[in-house]
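One file, protein_10.txt, carrying compact mmCIF, C-alpha atoms:
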```txt
# COMPACT_ATOMS: atom_id res chain seq x y z
CA MET A 1 15.00 0.16 -7.76
CA ALA A 2 12.14 1.30 -5.60
CA THR A 3 8.48 1.34 -6.55
CA THR A 4 5.79 3.74 -5.45
CA PHE A 5 2.68 2.33 -3.84
CA GLY A 6 0.78 2.65 -7.11
CA GLY A 7 3.70 1.18 -9.06
CA LYS A 8 4.06 -2.01 -7.03
CA GLY A 9 4.75 -4.94 -9.34
CA ALA A 10 6.73 -2.90 -11.86
CA SER A 11 9.92 -4.60 -10.66
CA PRO A 12 10.37 -7.92 -8.83
CA TRP A 13 10.14 -7.60 -5.06
CA GLU A 14 12.91 -10.13 -4.47
CA HIS A 15 15.35 -8.74 -7.06
CA PRO A 16 18.77 -8.21 -5.44
CA LEU A 17 18.63 -4.50 -6.35
CA SER A 18 15.08 -3.96 -5.12
CA LEU A 19 14.48 -1.42 -2.35
CA ARG A 20 10.83 -2.54 -2.42
CA SER A 21 8.26 0.12 -1.49
CA TRP A 22 9.31 1.54 1.87
CA LEU A 23 8.81 5.13 0.73
CA GLU A 24 7.49 6.40 4.06
CA ASP A 25 10.91 5.80 5.55
CA ARG A 26 13.93 8.10 5.73
CA HIS A 27 16.36 5.24 5.18
CA THR A 28 14.78 4.60 1.79
CA THR A 29 14.29 8.19 0.67
CA ALA A 30 17.79 9.15 1.78
CA PHE A 31 19.31 6.48 -0.46
CA PRO A 32 18.39 8.02 -3.87
CA GLU A 33 19.04 11.56 -2.62
CA ASP A 34 22.77 11.00 -3.05
CA VAL A 35 22.87 9.19 -6.40
CA GLY A 36 24.33 10.91 -9.46
CA VAL A 37 21.34 10.23 -11.73
CA LEU A 38 17.86 9.27 -10.56
CA LEU A 39 15.31 7.99 -13.09
CA VAL A 40 11.71 8.49 -11.97
CA ALA A 41 9.24 6.77 -14.29
CA GLY A 42 5.51 7.32 -13.92
CA SER A 43 5.53 9.33 -10.69
CA GLY A 44 5.10 12.99 -9.88
CA LEU A 45 6.96 12.50 -6.57
CA GLY A 46 3.96 13.73 -4.64
CA GLU A 47 3.26 13.47 -0.93
CA LEU A 48 3.21 9.68 -0.58
CA SER A 49 6.14 9.11 -2.95
CA SER A 50 8.44 11.60 -1.24
CA ASP A 51 7.95 10.81 2.47
CA TYR A 52 5.68 13.83 2.75
CA HIS A 53 7.89 16.16 0.74
CA THR A 54 11.06 15.54 2.75
CA PHE A 55 12.74 13.90 -0.26
CA ALA A 56 15.38 16.23 -1.77
CA PRO A 57 17.47 14.67 -4.57
CA ARG A 58 20.88 16.30 -5.07
CA GLY A 59 21.87 14.57 -8.31
CA ARG A 60 20.41 14.80 -11.81
CA LEU A 61 16.74 13.90 -11.87
CA VAL A 62 15.24 12.40 -15.05
CA GLN A 63 11.45 12.36 -14.79
CA VAL A 64 9.22 10.42 -17.17
CA GLU A 65 5.55 11.22 -16.71
CA ALA A 66 2.41 11.08 -18.84
CA GLY A 67 0.71 13.90 -16.92
CA LEU A 68 2.05 17.28 -17.96
CA GLY A 69 0.99 18.83 -14.67
CA GLU A 70 3.20 16.42 -12.74
CA LEU A 71 6.41 17.14 -14.63
CA GLU A 72 8.77 19.19 -12.44
CA ALA A 73 5.89 19.94 -10.08
CA ASP A 74 8.13 19.34 -7.06
CA HIS A 75 11.70 19.11 -8.36
CA PRO A 76 13.69 20.51 -11.31
CA ALA A 77 14.33 17.67 -13.76
CA LEU A 78 15.12 16.60 -17.26
CA ALA A 79 11.42 16.19 -18.00
CA LEU A 80 10.18 13.65 -20.55
CA HIS A 81 6.48 13.72 -21.39
CA ALA A 82 5.86 10.05 -22.15
CA ASP A 83 4.18 6.88 -21.01
CA ALA A 84 6.29 5.14 -18.39
CA ARG A 85 6.28 1.65 -19.92
CA PRO A 86 7.90 2.41 -23.32
CA ALA A 87 10.12 5.00 -21.65
CA ARG A 88 11.48 2.27 -19.36
CA GLU A 89 11.74 -0.36 -22.07
CA ALA A 90 13.69 1.75 -24.55
CA PRO A 91 16.68 2.48 -22.26
CA ALA A 92 16.65 -1.11 -20.99
CA ALA A 93 17.10 -2.37 -24.55
CA ALA A 94 19.99 0.02 -25.15
CA VAL A 95 22.16 -0.74 -22.13
CA THR A 96 24.36 -3.75 -21.47
CA ALA A 97 23.25 -6.09 -18.70
CA ARG A 98 25.65 -6.49 -15.81
CA THR A 99 25.71 -8.22 -12.44
CA PRO A 100 24.32 -6.34 -9.44
CA GLY A 101 27.78 -5.98 -7.87
CA ASP A 102 27.95 -4.03 -4.62
CA GLY A 103 24.53 -2.53 -5.35
CA ALA A 104 22.96 -5.71 -4.03
CA ASP A 105 24.88 -5.33 -0.76
CA ARG A 106 23.74 -1.72 -0.44
CA ALA A 107 20.11 -2.66 -1.11
CA ARG A 108 20.26 -5.47 1.42
CA ALA A 109 21.81 -3.20 4.05
CA LEU A 110 19.11 -0.59 3.52
CA LEU A 111 16.30 -3.13 3.92
CA GLU A 112 17.97 -4.38 7.09
CA ARG A 113 17.96 -0.82 8.50
CA VAL A 114 14.29 -0.44 7.63
CA GLY A 115 13.54 -3.79 9.26
CA ALA A 116 15.43 -2.85 12.41
CA ARG A 117 13.49 0.41 12.68
CA ILE A 118 10.17 -1.43 12.45
CA ALA A 119 11.28 -4.22 14.80
CA ALA A 120 12.24 -1.70 17.49
CA GLN A 121 8.61 -0.55 17.69
CA GLY A 122 7.12 -3.90 18.72
CA LEU A 123 4.95 -4.21 15.62
CA ASP A 124 5.06 -7.99 15.30
CA VAL A 125 1.35 -8.50 14.61
CA GLU A 126 1.32 -5.66 12.10
CA GLN A 127 4.02 -7.45 10.13
CA GLU A 128 2.55 -10.92 10.56
CA VAL A 129 -0.88 -10.00 9.20
CA PRO A 130 0.29 -8.79 5.74
CA ALA A 131 2.60 -11.81 5.56
CA ALA A 132 -0.30 -14.16 6.33
CA VAL A 133 -2.48 -12.50 3.69
CA ARG A 134 0.36 -12.81 1.18
CA ALA A 135 0.74 -16.50 1.96
CA ALA A 136 -3.00 -17.10 1.47
CA LEU A 137 -3.35 -15.19 -1.80
CA PRO A 138 -2.43 -16.94 -5.08
CA ASP A 139 0.54 -15.27 -6.77
CA ASP A 140 -1.46 -13.95 -9.73
CA ALA A 141 -4.61 -12.93 -7.83
CA PRO A 142 -5.61 -9.24 -7.95
CA SER A 143 -5.93 -7.45 -4.63
CA PHE A 144 -7.78 -4.24 -3.76
CA TRP A 145 -6.97 -2.28 -0.60
CA ASP A 146 -9.15 0.31 1.08
CA MET A 147 -8.02 3.24 3.20
CA THR A 148 -7.38 1.23 6.35
CA ILE A 149 -4.34 0.58 8.52
CA LEU A 150 -3.74 -2.85 6.98
CA GLY A 151 -3.91 -1.18 3.56
CA TYR A 152 -1.29 1.36 4.62
CA TRP A 153 0.98 -1.48 5.75
CA ALA A 154 0.40 -3.18 2.41
CA TRP A 155 1.67 -0.08 0.58
CA SER A 156 5.13 -0.77 1.97
CA ALA A 157 5.15 -4.36 3.17
CA PHE A 158 3.11 -6.37 0.65
CA ASP A 159 4.70 -8.14 -2.31
CA PRO A 160 2.10 -8.27 -5.11
CA ARG A 161 4.13 -10.88 -7.03
CA SER A 162 2.41 -11.25 -10.40
CA GLY A 163 -1.03 -10.14 -9.19
CA PRO A 164 -2.28 -6.59 -9.85
CA PHE A 165 -2.19 -4.40 -6.72
CA HIS A 166 -4.77 -1.61 -6.42
CA SER A 167 -5.31 0.77 -3.51
CA ALA A 168 -7.06 3.97 -2.54
CA GLN A 169 -4.33 6.59 -2.10
CA ASP A 170 -6.12 9.87 -1.60
CA ALA A 171 -8.59 11.53 0.73
CA GLY A 172 -12.15 10.34 0.23
CA GLY A 173 -11.13 6.77 -0.64
CA PRO A 174 -12.97 4.66 1.99
CA GLY A 175 -15.33 2.16 0.42
CA TYR A 176 -13.25 1.71 -2.72
CA ALA A 177 -11.90 -1.81 -2.32
CA PHE A 178 -14.93 -4.13 -2.39
CA PRO A 179 -16.83 -2.56 -5.34
CA ALA A 180 -13.58 -2.36 -7.32
CA ALA A 181 -12.86 -6.01 -6.56
CA LEU A 182 -16.34 -6.97 -7.75
CA GLY A 183 -15.64 -5.23 -11.05
CA ALA A 184 -12.38 -7.13 -11.48
CA ALA A 185 -14.09 -10.43 -10.69
CA ALA A 186 -16.88 -9.73 -13.16
CA ALA A 187 -14.29 -9.06 -15.86
CA ASP A 188 -12.25 -12.20 -15.12
CA ARG A 189 -13.83 -15.04 -13.15
CA ALA A 190 -10.85 -17.34 -13.63
CA ARG A 191 -8.94 -16.01 -10.61
CA PRO A 192 -10.02 -15.28 -7.04
CA VAL A 193 -9.94 -11.61 -6.05
CA LEU A 194 -9.15 -10.15 -2.62
CA ALA A 195 -10.66 -6.97 -1.18
CA VAL A 196 -9.36 -5.55 2.11
CA SER A 197 -11.32 -2.97 4.13
CA GLY A 198 -11.54 -1.63 7.63
CA ASP A 199 -14.88 -1.76 9.38
CA GLY A 200 -15.39 1.97 8.76
CA GLY A 201 -14.67 1.65 5.04
CA ALA A 202 -16.78 -1.50 4.82
CA MET A 203 -19.81 0.52 5.90
CA TYR A 204 -19.63 2.36 2.56
CA SER A 205 -20.20 -0.90 0.68
CA ILE A 206 -22.61 -2.60 3.03
CA ALA A 207 -25.11 -3.54 0.30
CA GLU A 208 -22.57 -5.00 -2.11
CA PRO A 209 -22.55 -8.58 -0.75
CA ALA A 210 -25.93 -8.80 -2.47
CA THR A 211 -24.24 -8.11 -5.81
CA ALA A 212 -21.47 -10.62 -5.08
CA ARG A 213 -24.01 -13.28 -4.11
CA GLN A 214 -26.38 -12.64 -7.01
CA TYR A 215 -23.66 -13.02 -9.63
CA GLY A 216 -21.52 -15.57 -7.81
CA LEU A 217 -18.41 -13.39 -8.03
CA PRO A 218 -15.21 -14.99 -6.67
CA VAL A 219 -14.31 -12.17 -4.25
CA THR A 220 -13.07 -12.68 -0.71
CA TRP A 221 -13.68 -9.61 1.43
CA LEU A 222 -11.30 -9.29 4.39
CA ILE A 223 -12.68 -6.79 6.90
CA VAL A 224 -10.38 -5.65 9.72
CA ASP A 225 -12.73 -4.66 12.53
CA ASP A 226 -10.92 -2.40 15.00
CA GLY A 227 -14.04 -0.81 16.43
CA GLY A 228 -14.25 2.28 14.24
CA TYR A 229 -12.05 4.57 12.20
CA GLY A 230 -8.75 3.29 13.54
CA ILE A 231 -6.40 5.59 11.64
CA LEU A 232 -8.37 8.69 12.69
CA ARG A 233 -8.35 7.42 16.28
CA GLU A 234 -4.58 7.05 16.10
CA TYR A 235 -4.04 10.48 14.53
CA MET A 236 -6.29 12.22 17.07
CA THR A 237 -4.76 10.42 20.03
CA ASP A 238 -1.24 11.32 18.87
CA ALA A 239 -2.18 14.97 18.31
CA PHE A 240 -4.58 15.65 21.20
CA GLY A 241 -4.18 12.81 23.67
CA GLU A 242 -7.67 11.43 23.00
CA ALA A 243 -10.00 10.62 20.12
CA SER A 244 -13.52 11.83 19.51
CA ARG A 245 -16.35 10.36 17.41
CA THR A 246 -14.21 7.67 15.80
CA GLU A 247 -16.36 4.71 16.91
CA PRO A 248 -19.51 4.64 14.74
CA ALA A 249 -22.21 2.02 15.25
CA ARG A 250 -21.56 -0.93 12.96
CA PRO A 251 -23.09 -4.33 12.25
CA ASP A 252 -21.93 -7.83 12.99
CA PHE A 253 -20.24 -8.30 9.63
CA VAL A 254 -20.32 -12.09 9.81
CA ALA A 255 -24.08 -12.11 10.44
CA LEU A 256 -24.59 -9.46 7.77
CA ALA A 257 -22.75 -11.49 5.13
CA GLU A 258 -24.60 -14.67 6.07
CA SER A 259 -27.93 -12.82 5.80
CA PHE A 260 -27.08 -12.30 2.12
CA GLY A 261 -26.20 -15.98 1.76
CA VAL A 262 -22.46 -15.24 1.63
CA PRO A 263 -20.23 -17.61 3.69
CA ALA A 264 -18.40 -15.73 6.44
CA VAL A 265 -15.98 -16.49 9.25
CA ARG A 266 -14.64 -14.56 12.22
CA SER A 267 -10.89 -15.02 12.15
CA SER A 268 -7.89 -14.05 14.31
CA PRO A 269 -4.26 -13.12 13.61
CA GLU A 270 -3.31 -16.71 14.42
CA ARG A 271 -5.79 -18.12 11.88
CA LEU A 272 -5.21 -15.54 9.18
CA GLY A 273 -3.16 -17.97 7.14
CA ALA A 274 -5.87 -20.64 6.96
CA ASP A 275 -9.12 -18.66 6.90
CA PRO A 276 -8.43 -16.43 3.86
CA ALA A 277 -6.84 -19.36 2.02
CA ASP A 278 -9.98 -21.45 2.55
CA ALA A 279 -12.18 -18.54 1.49
CA LEU A 280 -10.14 -17.77 -1.61
CA GLY A 281 -10.16 -21.44 -2.59
CA ALA A 282 -13.95 -21.68 -2.49
CA ARG A 283 -16.18 -20.78 -5.42
CA GLY A 284 -18.17 -17.59 -5.17
CA PRO A 285 -18.03 -14.73 -2.66
CA SER A 286 -16.90 -14.97 0.95
CA VAL A 287 -16.19 -12.71 3.92
CA VAL A 288 -13.42 -12.99 6.52
CA VAL A 289 -13.69 -10.68 9.54
CA LEU A 290 -10.55 -10.01 11.55
CA PRO A 291 -11.18 -8.31 14.93
CA ALA A 292 -7.84 -6.59 15.55
CA VAL A 293 -6.46 -3.18 16.46
CA LEU A 294 -3.42 -2.60 14.27
CA ARG A 295 -0.98 0.26 14.70
CA MET A 296 0.99 2.31 12.24
CA SER A 297 4.76 2.52 12.46
CA ALA A 298 6.19 5.77 13.79
CA PRO A 299 6.49 8.27 10.94
CA THR A 300 9.95 9.35 9.88
CA HIS A 301 9.03 12.50 7.96
CA ARG A 302 8.49 14.38 11.22
CA GLN A 303 12.09 13.83 12.23
CA LEU A 304 13.43 16.28 9.64
CA PRO A 305 12.18 19.65 8.41
CA ALA A 306 10.82 19.53 4.88
CA PRO A 307 13.53 20.73 2.47
CA SER A 308 12.68 23.96 0.72
CA HIS A 309 13.36 25.02 -2.83
CA PRO A 310 11.75 27.65 -5.09
CA LEU A 311 9.49 25.27 -6.99
CA ARG A 312 7.92 23.80 -3.86
CA THR A 313 7.56 27.19 -2.20
CA LEU A 314 5.82 28.49 -5.31
CA ALA A 315 3.54 25.47 -5.45
CA ARG A 316 2.40 26.02 -1.85
```
Could you write out this structure as structure tokens?
Amino acid sequence: MATTFGGKGASPWEHPLSLRSWLEDRHTTAFPEDVGVLLVAGSGLGELSSDYHTFAPRGRLVQVEAGLGELEADHPALALHADARPAREAPAAAVTARTPGDGADRARALLERVGARIAAQGLDVEQEVPAAVRAALPDDAPSFWDMTILGYWAWSAFDPRSGPFHSAQDAGGPGYAFPAALGAAAADRARPVLAVSGDGGAMYSIAEPATARQYGLPVTWLIVDDGGYGILREYMTDAFGEASRTEPARPDFVALAESFGVPAVRSSPERLGADPADALGARGPSVVVLPAVLRMSAPTHRQLPAPSHPLRTLAR
């Protein structure tokens, strides 16, 4: 079992058959390419769910999807136009449960290969930060992730447990996380809510601490301040050797939050376990600012040419 970034939480992260959500990784996408039957429920196998269209299943593909336009958009399949939840529950009720068997060993070996690939790149802080956020967040707390490098790490490396996981996954998504988190908190004040933004994305929602303060909404806003649009800086540096116009002027986010009467703290990777936990445990809104330059892991989709087939060629 593997979940897309938008489908995180559909299956337990720690299940012995779980491949988790490492979909931007050739180890993970190569695994289901060789299976006899692959069931895809609730996904169109688009760019982010196919390691940028390098995924090429060779077995029988059964695709369950509520959007007609997504059925067989990228791969020939036995296409079922249906909602994913009942389509998953019906077969589960009809089959006999069995022990994981050697499937658990195969899943564990795959995750070990993924882990070794990440470890070889010296990305210790990038792995520690999502782990610290996970430790601070209550199991059932909703989280909202903006288009920021920490959000991209969360797509693959964050276990939502029983809490809803929401993220911006398309172009034009910066600024999504904090307003969305405020809406969730207004609908259910019983649980704390986490919003994660970069400093660039936070600039889109710069007035919203006023809303959080006025209504006493239990939202903790974690802002990763890397000095600008970090992902664009990384893309441009990789492609051209230097970045241009990726460092916009920005405020002191701690002072800004405090000017609205919202408690705020400037944290560090070493304090990221305690600071968000304290903020999430307090009543009302809060802001945690993390000055840190995080890096993405090296992409694997560039290592192989995108497989071609008539449907994809036609779609392009």
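Pairwise distance (atom CA of A:Leu38, atom CA of A:Ile118) equals 26.5 Å.
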*Could you tell me which of A:Arg233, A:Ala135, A:Thr300, A:Pro179 comes closest to A:Arg271 if we count only C-alpha atoms?*
A:Ala135
*Take atom CA of A:Pro192 and atom CA of A:Ala257 and report the distance between them in Å, one decimal.*
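Atom-to-atom, atom CA of A:Pro192 to atom CA of A:Ala257, that is 18.0 Å.
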*Given all atoms listed in the file as the counted atoms, nearest of A:Arg245, A:Arg250, A:Arg213, A:Lys8 to A:Gly284*: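 Using all atoms listed in the file, A:Gly284 sits closest to A:Arg213.
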Within 12 Å of stretch 137-160 of chain A, which residues of stretch 58-123 of chain A come that close, and what is the closest atom pair and distance in Å for each? Count all atoms listed in the file and give it as CSV.
```
residue,atom,partner,partner_atom,distance
A:Leu111,CA,A:Ala157,CA,11.2
A:Val114,CA,A:Ser156,CA,10.8
A:Gly115,CA,A:Ala157,CA,10.4
A:Ile118,CA,A:Ala157,CA,11.0
A:Leu123,CA,A:Trp153,CA,11.0
```
*Provide the atom CA of A:Glu33 to atom CA of A:Phe55 distance in Å, to one decimal place.*
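Pair atom CA of A:Glu33 / atom CA of A:Phe55 returns 7.1 Å.
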Using only C-alpha atoms, determine which residues lie at most 10 Å from A:Trp22, disregarding the query and same-chain residues fewer than 2 positions distant; provide the list as a compact mmCIF listing (two decimals) with C-alpha atoms, in the frame of the given file.
```
# COMPACT_ATOMS: atom_id res chain seq x y z
CA ALA A 2 12.14 1.30 -5.60
CA THR A 3 8.48 1.34 -6.55
CA THR A 4 5.79 3.74 -5.45
CA PHE A 5 2.68 2.33 -3.84
CA LEU A 19 14.48 -1.42 -2.35
CA ARG A 20 10.83 -2.54 -2.42
CA GLU A 24 7.49 6.40 4.06
CA ASP A 25 10.91 5.80 5.55
CA ARG A 26 13.93 8.10 5.73
CA HIS A 27 16.36 5.24 5.18
CA THR A 28 14.78 4.60 1.79
CA THR A 29 14.29 8.19 0.67
CA SER A 49 6.14 9.11 -2.95
CA ASP A 51 7.95 10.81 2.47
CA LEU A 111 16.30 -3.13 3.92
CA VAL A 114 14.29 -0.44 7.63
CA TRP A 153 0.98 -1.48 5.75
CA TRP A 155 1.67 -0.08 0.58
CA SER A 156 5.13 -0.77 1.97
CA ALA A 157 5.15 -4.36 3.17
```
